[in-house]
>>> print(open('my_file.csv').read())   # CSV, C-alpha atoms
chain,number,residue,atom,x,y,z
A,1,MET,CA,-95.6,-180.7,24.0
A,2,SER,CA,-93.1,-180.3,21.1
A,3,VAL,CA,-89.3,-180.2,21.8
A,4,ARG,CA,-89.2,-176.6,20.5
A,5,ALA,CA,-91.8,-175.5,23.0
A,6,LEU,CA,-90.1,-177.3,25.8
A,7,LEU,CA,-86.8,-175.6,25.0
A,8,ALA,CA,-88.5,-172.3,24.9
A,9,MET,CA,-89.9,-172.9,28.4
A,10,VAL,CA,-86.4,-173.9,29.8
A,11,VAL,CA,-84.8,-170.8,28.2
A,12,GLY,CA,-87.5,-168.5,29.6
A,13,ALA,CA,-87.0,-170.0,33.1
A,14,LEU,CA,-83.3,-169.4,32.9
A,15,LEU,CA,-83.7,-165.8,31.8
A,16,LEU,CA,-86.0,-165.2,34.8
A,17,ALA,CA,-83.6,-166.8,37.2
A,18,THR,CA,-80.3,-165.3,36.0
A,19,PRO,CA,-80.8,-161.7,37.2
A,20,LEU,CA,-81.4,-163.1,40.7
A,21,ALA,CA,-78.6,-165.6,40.7
A,22,ALA,CA,-76.0,-163.5,38.9
A,23,ARG,CA,-76.9,-159.9,39.8
A,24,PRO,CA,-73.7,-157.8,39.3
A,25,THR,CA,-72.4,-156.5,42.6
A,26,THR,CA,-72.4,-152.8,43.2
A,27,ILE,CA,-69.7,-152.9,45.8
A,28,PRO,CA,-66.7,-151.2,44.2
A,29,THR,CA,-63.6,-153.3,43.8
A,30,GLY,CA,-59.8,-152.7,44.0
A,31,ASN,CA,-58.0,-149.9,45.9
A,32,LEU,CA,-60.4,-147.0,46.1
A,33,VAL,CA,-57.7,-144.4,47.1
A,34,VAL,CA,-56.6,-141.9,44.5
A,35,ASN,CA,-52.8,-141.5,44.3
A,36,PRO,CA,-52.3,-143.9,47.2
A,37,GLY,CA,-48.5,-143.8,47.1
A,38,ALA,CA,-47.9,-140.2,46.2
A,39,GLU,CA,-46.6,-141.4,42.8
A,40,ASP,CA,-48.9,-139.0,40.8
A,41,SER,CA,-47.2,-136.0,42.4
A,42,PRO,CA,-43.8,-134.4,41.6
A,43,GLY,CA,-41.9,-135.3,44.8
A,44,THR,CA,-39.1,-133.3,46.2
A,45,ASP,CA,-35.7,-134.4,47.6
A,46,ILE,CA,-35.5,-131.3,49.9
A,47,ALA,CA,-37.6,-130.3,52.9
A,48,ALA,CA,-40.2,-128.3,50.8
A,49,VAL,CA,-44.0,-128.4,50.5
A,50,VAL,CA,-45.2,-130.3,47.4
A,51,LYS,CA,-48.9,-131.0,47.7
A,52,PRO,CA,-50.0,-134.5,46.8
A,53,VAL,CA,-52.3,-134.7,43.7
A,54,GLY,CA,-55.8,-135.9,44.5
A,55,TRP,CA,-55.7,-134.9,48.2
A,56,THR,CA,-56.9,-131.8,50.0
A,57,THR,CA,-54.2,-130.7,52.5
A,58,THR,CA,-53.8,-128.6,55.6
A,59,GLY,CA,-50.5,-127.5,57.0
A,60,ASN,CA,-47.3,-128.7,55.3
A,61,LEU,CA,-48.2,-132.3,54.3
A,62,SER,CA,-46.2,-133.0,51.3
A,63,THR,CA,-44.9,-135.5,48.7
A,64,TRP,CA,-41.2,-136.3,49.2
A,65,THR,CA,-38.9,-138.7,47.4
A,66,TYR,CA,-37.0,-141.7,48.7
A,67,ALA,CA,-33.3,-140.9,49.2
A,68,ALA,CA,-30.4,-142.3,47.3
A,69,ARG,CA,-28.4,-142.8,50.5
A,70,GLU,CA,-29.2,-142.8,54.3
A,71,GLY,CA,-30.2,-139.5,55.8
A,72,ASP,CA,-33.4,-138.1,57.3
A,73,ARG,CA,-35.8,-140.0,55.0
A,74,PRO,CA,-36.1,-143.7,54.0
A,75,THR,CA,-33.9,-144.8,51.1
A,76,GLN,CA,-34.6,-146.0,47.6
A,77,ALA,CA,-33.2,-149.4,48.7
A,78,PHE,CA,-35.8,-149.6,51.5
A,79,SER,CA,-38.6,-148.5,49.1
A,80,ALA,CA,-37.8,-151.5,46.9
A,81,THR,CA,-38.5,-153.8,49.8
A,82,ILE,CA,-42.1,-152.5,50.2
A,83,GLY,CA,-42.9,-151.5,46.6
A,84,GLY,CA,-42.8,-147.9,47.6
A,85,GLY,CA,-41.9,-146.4,44.2
A,86,LYS,CA,-40.2,-143.1,44.0
A,87,SER,CA,-42.3,-141.0,46.4
A,88,PHE,CA,-44.2,-141.1,49.8
A,89,PHE,CA,-46.2,-138.7,52.0
A,90,ALA,CA,-44.4,-136.7,54.6
A,91,GLY,CA,-45.3,-134.1,57.3
A,92,GLY,CA,-43.3,-131.5,55.4
A,93,PRO,CA,-40.9,-128.8,56.4
A,94,GLY,CA,-41.1,-127.3,59.9
A,95,ASP,CA,-39.3,-125.0,62.2
A,96,ASN,CA,-37.6,-125.1,65.6
A,97,SER,CA,-40.5,-123.5,67.5
A,98,GLY,CA,-40.9,-126.6,69.7
A,99,LYS,CA,-44.7,-126.3,69.2
A,100,GLN,CA,-46.7,-129.3,68.3
A,101,SER,CA,-48.5,-129.0,64.9
A,102,THR,CA,-50.8,-131.1,62.8
A,103,HIS,CA,-50.7,-131.6,59.1
A,104,THR,CA,-53.3,-133.5,57.0
A,105,ALA,CA,-54.3,-134.8,53.6
A,106,ALA,CA,-57.8,-136.0,52.8
A,107,GLN,CA,-60.0,-137.3,50.0
A,108,THR,CA,-63.6,-138.5,49.9
A,109,ILE,CA,-64.8,-141.6,48.1
A,110,ASP,CA,-68.4,-142.1,47.0
A,111,VAL,CA,-69.8,-145.5,47.9
A,112,SER,CA,-73.5,-144.7,47.5
A,113,GLY,CA,-73.7,-147.2,44.6
A,114,ALA,CA,-73.4,-150.0,47.2
A,115,ALA,CA,-76.2,-148.5,49.5
A,116,THR,CA,-78.3,-151.6,49.4
A,117,GLU,CA,-75.5,-153.9,50.5
A,118,ILE,CA,-74.2,-151.4,53.1
A,119,ASP,CA,-77.6,-150.9,54.7
A,120,ALA,CA,-78.0,-154.6,54.9
A,121,GLY,CA,-74.7,-154.8,56.9
A,122,LYS,CA,-73.0,-156.8,54.2
A,123,VAL,CA,-69.9,-154.6,53.5
A,124,GLY,CA,-66.6,-154.6,55.3
A,125,ALA,CA,-63.6,-152.3,54.7
A,126,THR,CA,-59.9,-153.1,54.9
A,127,LEU,CA,-57.5,-150.2,55.5
A,128,THR,CA,-53.7,-150.7,55.0
A,129,ALA,CA,-50.8,-148.3,55.0
A,130,PHE,CA,-47.0,-148.3,55.6
A,131,ILE,CA,-46.2,-145.8,58.4
A,132,GLY,CA,-43.0,-144.7,60.0
A,133,ALA,CA,-40.6,-141.8,60.7
A,134,TYR,CA,-37.0,-140.7,61.0
A,135,THR,CA,-34.8,-142.5,63.6
A,136,VAL,CA,-35.3,-140.8,67.0
A,137,ASP,CA,-38.0,-138.3,65.9
A,138,ASN,CA,-41.3,-138.5,67.8
A,139,ASP,CA,-43.3,-137.3,64.9
A,140,LEU,CA,-46.3,-139.6,64.4
A,141,ALA,CA,-48.7,-140.4,61.5
A,142,THR,CA,-52.1,-142.1,61.2
A,143,VAL,CA,-54.4,-143.0,58.4
A,144,THR,CA,-58.1,-143.0,59.1
A,145,ALA,CA,-61.1,-144.1,57.0
A,146,ARG,CA,-64.2,-142.2,58.2
A,147,PHE,CA,-67.6,-143.6,57.3
A,148,LEU,CA,-70.0,-140.7,56.4
A,149,ASP,CA,-73.7,-140.5,55.8
A,150,ALA,CA,-75.3,-138.5,53.0
A,151,ALA,CA,-75.1,-135.3,55.0
A,152,GLY,CA,-71.4,-135.9,55.8
A,153,ALA,CA,-71.9,-136.9,59.4
A,154,GLU,CA,-69.5,-139.5,60.7
A,155,LEU,CA,-71.0,-142.9,61.5
A,156,GLY,CA,-67.9,-144.7,62.4
A,157,SER,CA,-64.2,-145.1,61.4
A,158,VAL,CA,-61.2,-147.4,61.2
A,159,ARG,CA,-57.6,-146.3,61.7
A,160,VAL,CA,-54.1,-147.5,61.2
A,161,GLY,CA,-51.1,-146.1,63.1
A,162,PRO,CA,-49.3,-144.4,64.7
A,163,VAL,CA,-46.1,-146.4,64.6
A,164,SER,CA,-44.0,-145.6,67.7
A,165,ILE,CA,-40.3,-145.0,67.8
A,166,ASP,CA,-39.9,-148.3,69.7
A,167,GLU,CA,-42.0,-150.2,67.2
A,168,ARG,CA,-39.6,-149.2,64.4
A,169,LYS,CA,-36.6,-149.7,66.7
A,170,ARG,CA,-35.4,-146.2,66.1
A,171,LEU,CA,-34.9,-146.9,62.4
A,172,THR,CA,-35.9,-144.8,59.5
A,173,VAL,CA,-38.4,-147.3,58.1
A,174,LEU,CA,-42.1,-147.7,57.4
A,175,LEU,CA,-44.0,-150.6,58.9
A,176,LYS,CA,-47.2,-152.1,57.4
A,177,ARG,CA,-50.3,-151.7,59.4
A,178,THR,CA,-53.8,-153.1,58.6
A,179,ALA,CA,-57.2,-152.8,60.2
A,180,GLN,CA,-60.8,-153.8,59.3
A,181,ALA,CA,-64.3,-152.6,60.1
A,182,ASN,CA,-67.8,-153.0,58.8
A,183,LEU,CA,-69.5,-150.0,57.2
A,184,PRO,CA,-72.4,-148.8,59.3
A,185,PRO,CA,-75.8,-148.7,57.6
A,186,ASN,CA,-76.4,-145.4,55.8
A,187,THR,CA,-72.7,-144.9,54.9
A,188,ARG,CA,-72.6,-143.1,51.6
A,189,SER,CA,-69.0,-142.0,51.4
A,190,ILE,CA,-65.7,-142.6,53.0
A,191,ALA,CA,-63.2,-139.9,53.9
A,192,VAL,CA,-59.6,-141.2,54.0
A,193,VAL,CA,-57.4,-138.9,56.1
A,194,ILE,CA,-53.7,-138.8,56.6
A,195,THR,CA,-52.7,-137.0,59.9
A,196,VAL,CA,-49.2,-136.1,60.9
A,197,THR,CA,-48.6,-134.8,64.4
A,198,ALA,CA,-45.2,-133.1,64.6
A,199,ASN,CA,-43.2,-132.0,67.6
A,200,GLY,CA,-42.0,-128.7,65.9
A,201,ASN,CA,-38.3,-129.3,66.0
A,202,GLY,CA,-37.1,-129.2,62.4
A,203,ALA,CA,-38.8,-130.9,59.5
A,204,HIS,CA,-42.0,-133.0,60.2
A,205,ARG,CA,-40.5,-136.4,59.5
A,206,ALA,CA,-43.4,-138.8,59.9
A,207,TYR,CA,-43.9,-140.8,56.7
A,208,ILE,CA,-46.7,-142.7,55.0
A,209,ASP,CA,-46.9,-144.8,51.8
A,210,ASN,CA,-48.9,-147.4,49.9
A,211,ILE,CA,-52.3,-146.5,51.4
A,212,SER,CA,-55.1,-149.0,50.4
A,213,LEU,CA,-58.8,-149.0,51.1
A,214,THR,CA,-60.8,-152.0,49.8
A,215,LEU,CA,-64.3,-153.1,50.3
A,216,GLY,CA,-65.7,-156.6,50.4
A,217,LYS,CA,-67.9,-158.9,52.5
A,218,ALA,CA,-68.6,-157.9,56.1
A,219,VAL,CA,-65.9,-159.0,58.4
A,220,VAL,CA,-65.9,-160.4,62.0
A,221,VAL,CA,-64.2,-157.7,64.1
A,222,ALA,CA,-62.7,-159.0,67.3
A,223,THR,CA,-64.0,-157.2,70.4
A,224,PRO,CA,-61.1,-155.9,72.6
A,225,LYS,CA,-60.9,-157.7,76.0
>>> encode(input="my_file.csv", output="structure tokens")
Amino acid sequence: MSVRALLAMVVGALLLATPLAARPTTIPTGNLVVNPGAEDSPGTDIAAVVKPVGWTTTGNLSTWTYAAREGDRPTQAFSATIGGGKSFFAGGPGDNSGKQSTHTAAQTIDVSGAATEIDAGKVGATLTAFIGAYTVDNDLATVTARFLDAAGAELGSVRVGPVSIDERKRLTVLLKRTAQANLPPNTRSIAVVITVTANGNGAHRAYIDNISLTLGKAVVVATPK
């Protein structure tokens, strides 16, 4: 066999093997959340409703700006410690009715391109957010990633928050919270939902920033004891 023929055989074998060994992944990379820190929205420095860009909202959920000095919202100095930028998500303006109310923002992320990996149980999700509130307020916030099938039915979920008044030591701060879960087979989209539960006394001062949802290899989730 000539050297040229031998080289042709080797190249052909490599071409056949490469698609199997180096098949590009269809799992999306990076943070999948649109406008994850409310920076794409024109935030407000008063207790007004400013809807966050890229999110569908109910109630008064809004984009507020960090304050120049201490008050009823976290400060610009605090924002610098968490990379919070200029703006964050807030429950929005309220009243003094004393009635509990709920305010939400949601967006849905298409992950159907990773259907093969998801259905094989090979995909895990990591959800992260900074969550807090104003000093002694009992307003609470959560961020939930809901795993949906092609018809929009929920197959499972993962949640971060709420952060209690004691956890933040009655300070106007946001604390980082992270949780992981594996995507159930047949997941085709993920709905990310911010929920603020407010006590109805004044502005709804539960706060959220720097939301992140990333996908990767399936994770080992500890079973609660």
>>> atom_distance(input="my_file.csv", atom1="CA of Ser87 (chain A)", atom2="CA of Gly37 (chain A)")
6.8 Å
>>> closest_residue(input="my_file.csv", among="A:Ile190, A:Val123, A:Ile82, A:Val50", to="Leu148 (chain A)", atoms="all atoms listed in the file")
A:Ile190
>>> residues_around(input="my_file.csv", residues="region 191-206 of chain A", least_positions_apart="6", cutoff="8 Å", atoms="all atoms listed in the file", output="CSV table (one decimal) with C-alpha atoms, in the frame of the given file")
chain,number,residue,atom,x,y,z
A,33,VAL,CA,-57.7,-144.4,47.1
A,47,ALA,CA,-37.6,-130.3,52.9
A,61,LEU,CA,-48.2,-132.3,54.3
A,72,ASP,CA,-33.4,-138.1,57.3
A,73,ARG,CA,-35.8,-140.0,55.0
A,90,ALA,CA,-44.4,-136.7,54.6
A,91,GLY,CA,-45.3,-134.1,57.3
A,92,GLY,CA,-43.3,-131.5,55.4
A,93,PRO,CA,-40.9,-128.8,56.4
A,94,GLY,CA,-41.1,-127.3,59.9
A,95,ASP,CA,-39.3,-125.0,62.2
A,96,ASN,CA,-37.6,-125.1,65.6
A,97,SER,CA,-40.5,-123.5,67.5
A,98,GLY,CA,-40.9,-126.6,69.7
A,99,LYS,CA,-44.7,-126.3,69.2
A,100,GLN,CA,-46.7,-129.3,68.3
A,101,SER,CA,-48.5,-129.0,64.9
A,102,THR,CA,-50.8,-131.1,62.8
A,103,HIS,CA,-50.7,-131.6,59.1
A,104,THR,CA,-53.3,-133.5,57.0
A,105,ALA,CA,-54.3,-134.8,53.6
A,106,ALA,CA,-57.8,-136.0,52.8
A,107,GLN,CA,-60.0,-137.3,50.0
A,108,THR,CA,-63.6,-138.5,49.9
A,109,ILE,CA,-64.8,-141.6,48.1
A,131,ILE,CA,-46.2,-145.8,58.4
A,132,GLY,CA,-43.0,-144.7,60.0
A,133,ALA,CA,-40.6,-141.8,60.7
A,134,TYR,CA,-37.0,-140.7,61.0
A,137,ASP,CA,-38.0,-138.3,65.9
A,138,ASN,CA,-41.3,-138.5,67.8
A,139,ASP,CA,-43.3,-137.3,64.9
A,140,LEU,CA,-46.3,-139.6,64.4
A,141,ALA,CA,-48.7,-140.4,61.5
A,142,THR,CA,-52.1,-142.1,61.2
A,143,VAL,CA,-54.4,-143.0,58.4
A,144,THR,CA,-58.1,-143.0,59.1
A,145,ALA,CA,-61.1,-144.1,57.0
A,146,ARG,CA,-64.2,-142.2,58.2
A,147,PHE,CA,-67.6,-143.6,57.3
A,148,LEU,CA,-70.0,-140.7,56.4
>>> closest_residue(input="my_file.csv", among="A:Ala153, A:Val160, A:Ile118, A:Ala68", to="Ala218 (chain A)", atoms="all atoms listed in the file")
A:Ile118
>>> atom_distance(input="my_file.csv", atom1="CA of Gly54 (chain A)", atom2="CA of Val34 (chain A)")
6.1 Å
>>> closest_residue(input="my_file.csv", among="A:Val53, A:Ala129, A:Val136, A:Ala150", to="Ser164 (chain A)", atoms="only C-alpha atoms")
A:Val136
>>> residues_around(input="my_file.csv", residues="Leu213 (chain A)", least_positions_apart="6", cutoff="7 Å", atoms="all atoms listed in the file", output="PyMOL selection string")
chain A and resi 31-33+125-128
>>> atom_distance(input="my_file.csv", atom1="CA of Thr81 (chain A)", atom2="CA of Leu174 (chain A)")
10.4 Å
>>> closest_residue(input="my_file.csv", among="A:Thr135, A:Asp110, A:Gly85, A:Gly152", to="Asp166 (chain A)", atoms="only C-alpha atoms")
A:Thr135
>>> build_atoms(input="my_file.csv", residues="region 96-130 of chain A", atoms="N, CA and C atoms", output="mmCIF file, keeping the file's coordinate frame")
data_model
loop_
_atom_site.group_PDB
_atom_site.id
_atom_site.type_symbol
_atom_site.label_atom_id
_atom_site.label_comp_id
_atom_site.auth_asym_id
_atom_site.auth_seq_id
_atom_site.Cartn_x
_atom_site.Cartn_y
_atom_site.Cartn_z
ATOM 1 N N ASN A 96 -38.158 -124.662 64.291
ATOM 2 C CA ASN A 96 -37.600 -125.100 65.600
ATOM 3 C C ASN A 96 -38.375 -124.385 66.744
ATOM 4 N N SER A 97 -39.678 -124.188 66.526
ATOM 5 C CA SER A 97 -40.500 -123.500 67.500
ATOM 6 C C SER A 97 -40.722 -124.384 68.759
ATOM 7 N N GLY A 98 -40.612 -125.698 68.591
ATOM 8 C CA GLY A 98 -40.900 -126.600 69.700
ATOM 9 C C GLY A 98 -42.386 -126.817 69.906
ATOM 10 N N LYS A 99 -43.228 -126.160 69.095
ATOM 11 C CA LYS A 99 -44.700 -126.300 69.200
ATOM 12 C C LYS A 99 -45.202 -127.442 68.407
ATOM 13 N N GLN A 100 -46.114 -128.197 68.986
ATOM 14 C CA GLN A 100 -46.700 -129.300 68.300
ATOM 15 C C GLN A 100 -47.625 -128.759 67.161
ATOM 16 N N SER A 101 -47.626 -129.412 66.020
ATOM 17 C CA SER A 101 -48.500 -129.000 64.900
ATOM 18 C C SER A 101 -49.055 -130.215 64.226
ATOM 19 N N THR A 102 -50.146 -129.995 63.488
ATOM 20 C CA THR A 102 -50.800 -131.100 62.800
ATOM 21 C C THR A 102 -50.950 -130.772 61.318
ATOM 22 N N HIS A 103 -50.707 -131.786 60.497
ATOM 23 C CA HIS A 103 -50.700 -131.600 59.100
ATOM 24 C C HIS A 103 -51.521 -132.781 58.471
ATOM 25 N N THR A 104 -52.432 -132.485 57.538
ATOM 26 C CA THR A 104 -53.300 -133.500 57.000
ATOM 27 C C THR A 104 -53.461 -133.505 55.524
ATOM 28 N N ALA A 105 -53.894 -134.642 55.005
ATOM 29 C CA ALA A 105 -54.300 -134.800 53.600
ATOM 30 C C ALA A 105 -55.550 -135.654 53.600
ATOM 31 N N ALA A 106 -56.540 -135.299 52.800
ATOM 32 C CA ALA A 106 -57.800 -136.000 52.800
ATOM 33 C C ALA A 106 -58.400 -136.138 51.420
ATOM 34 N N GLN A 107 -59.159 -137.181 51.207
ATOM 35 C CA GLN A 107 -60.000 -137.300 50.000
ATOM 36 C C GLN A 107 -61.217 -138.100 50.378
ATOM 37 N N THR A 108 -62.312 -137.862 49.637
ATOM 38 C CA THR A 108 -63.600 -138.500 49.900
ATOM 39 C C THR A 108 -64.005 -139.391 48.772
ATOM 40 N N ILE A 109 -64.422 -140.600 49.106
ATOM 41 C CA ILE A 109 -64.800 -141.600 48.100
ATOM 42 C C ILE A 109 -66.246 -141.910 48.184
ATOM 43 N N ASP A 110 -66.926 -141.822 47.054
ATOM 44 C CA ASP A 110 -68.400 -142.100 47.000
ATOM 45 C C ASP A 110 -68.622 -143.586 46.918
ATOM 46 N N VAL A 111 -69.393 -144.098 47.874
ATOM 47 C CA VAL A 111 -69.800 -145.500 47.900
ATOM 48 C C VAL A 111 -71.274 -145.691 47.839
ATOM 49 N N SER A 112 -71.994 -144.651 47.417
ATOM 50 C CA SER A 112 -73.500 -144.700 47.500
ATOM 51 C C SER A 112 -74.029 -145.755 46.524
ATOM 52 N N GLY A 113 -73.248 -146.175 45.514
ATOM 53 C CA GLY A 113 -73.700 -147.200 44.600
ATOM 54 C C GLY A 113 -73.918 -148.556 45.304
ATOM 55 N N ALA A 114 -73.305 -148.718 46.464
ATOM 56 C CA ALA A 114 -73.400 -150.000 47.200
ATOM 57 C C ALA A 114 -74.385 -149.793 48.414
ATOM 58 N N ALA A 115 -75.288 -148.823 48.325
ATOM 59 C CA ALA A 115 -76.200 -148.500 49.500
ATOM 60 C C ALA A 115 -76.975 -149.705 49.931
ATOM 61 N N THR A 116 -77.481 -150.499 48.997
ATOM 62 C CA THR A 116 -78.300 -151.600 49.400
ATOM 63 C C THR A 116 -77.525 -152.628 50.240
ATOM 64 N N GLU A 117 -76.319 -152.983 49.782
ATOM 65 C CA GLU A 117 -75.500 -153.900 50.500
ATOM 66 C C GLU A 117 -75.021 -153.324 51.860
ATOM 67 N N ILE A 118 -74.639 -152.043 51.839
ATOM 68 C CA ILE A 118 -74.200 -151.400 53.100
ATOM 69 C C ILE A 118 -75.271 -151.353 54.115
ATOM 70 N N ASP A 119 -76.473 -150.971 53.700
ATOM 71 C CA ASP A 119 -77.600 -150.900 54.700
ATOM 72 C C ASP A 119 -78.014 -152.214 55.200
ATOM 73 N N ALA A 120 -77.664 -153.264 54.469
ATOM 74 C CA ALA A 120 -78.000 -154.600 54.900
ATOM 75 C C ALA A 120 -76.857 -155.173 55.817
ATOM 76 N N GLY A 121 -75.828 -154.370 56.065
ATOM 77 C CA GLY A 121 -74.700 -154.800 56.900
ATOM 78 C C GLY A 121 -73.816 -155.824 56.284
ATOM 79 N N LYS A 122 -73.724 -155.789 54.951
ATOM 80 C CA LYS A 122 -73.000 -156.800 54.200
ATOM 81 C C LYS A 122 -71.601 -156.356 53.732
ATOM 82 N N VAL A 123 -71.176 -155.144 54.080
ATOM 83 C CA VAL A 123 -69.900 -154.600 53.500
ATOM 84 C C VAL A 123 -68.912 -154.323 54.588
ATOM 85 N N GLY A 124 -67.710 -154.830 54.372
ATOM 86 C CA GLY A 124 -66.600 -154.600 55.300
ATOM 87 C C GLY A 124 -65.501 -153.799 54.554
ATOM 88 N N ALA A 125 -64.675 -153.079 55.300
ATOM 89 C CA ALA A 125 -63.600 -152.300 54.700
ATOM 90 C C ALA A 125 -62.254 -152.770 55.329
ATOM 91 N N THR A 126 -61.231 -152.814 54.488
ATOM 92 C CA THR A 126 -59.900 -153.100 54.900
ATOM 93 C C THR A 126 -58.987 -151.929 54.604
ATOM 94 N N LEU A 127 -58.359 -151.372 55.615
ATOM 95 C CA LEU A 127 -57.500 -150.200 55.500
ATOM 96 C C LEU A 127 -56.050 -150.636 55.758
ATOM 97 N N THR A 128 -55.138 -150.290 54.853
ATOM 98 C CA THR A 128 -53.700 -150.700 55.000
ATOM 99 C C THR A 128 -52.858 -149.463 54.658
ATOM 100 N N ALA A 129 -51.748 -149.304 55.356
ATOM 101 C CA ALA A 129 -50.800 -148.300 55.000
ATOM 102 C C ALA A 129 -49.421 -148.653 55.620
ATOM 103 N N PHE A 130 -48.358 -148.167 55.000
ATOM 104 C CA PHE A 130 -47.000 -148.300 55.600
ATOM 105 C C PHE A 130 -46.730 -146.929 56.259
#
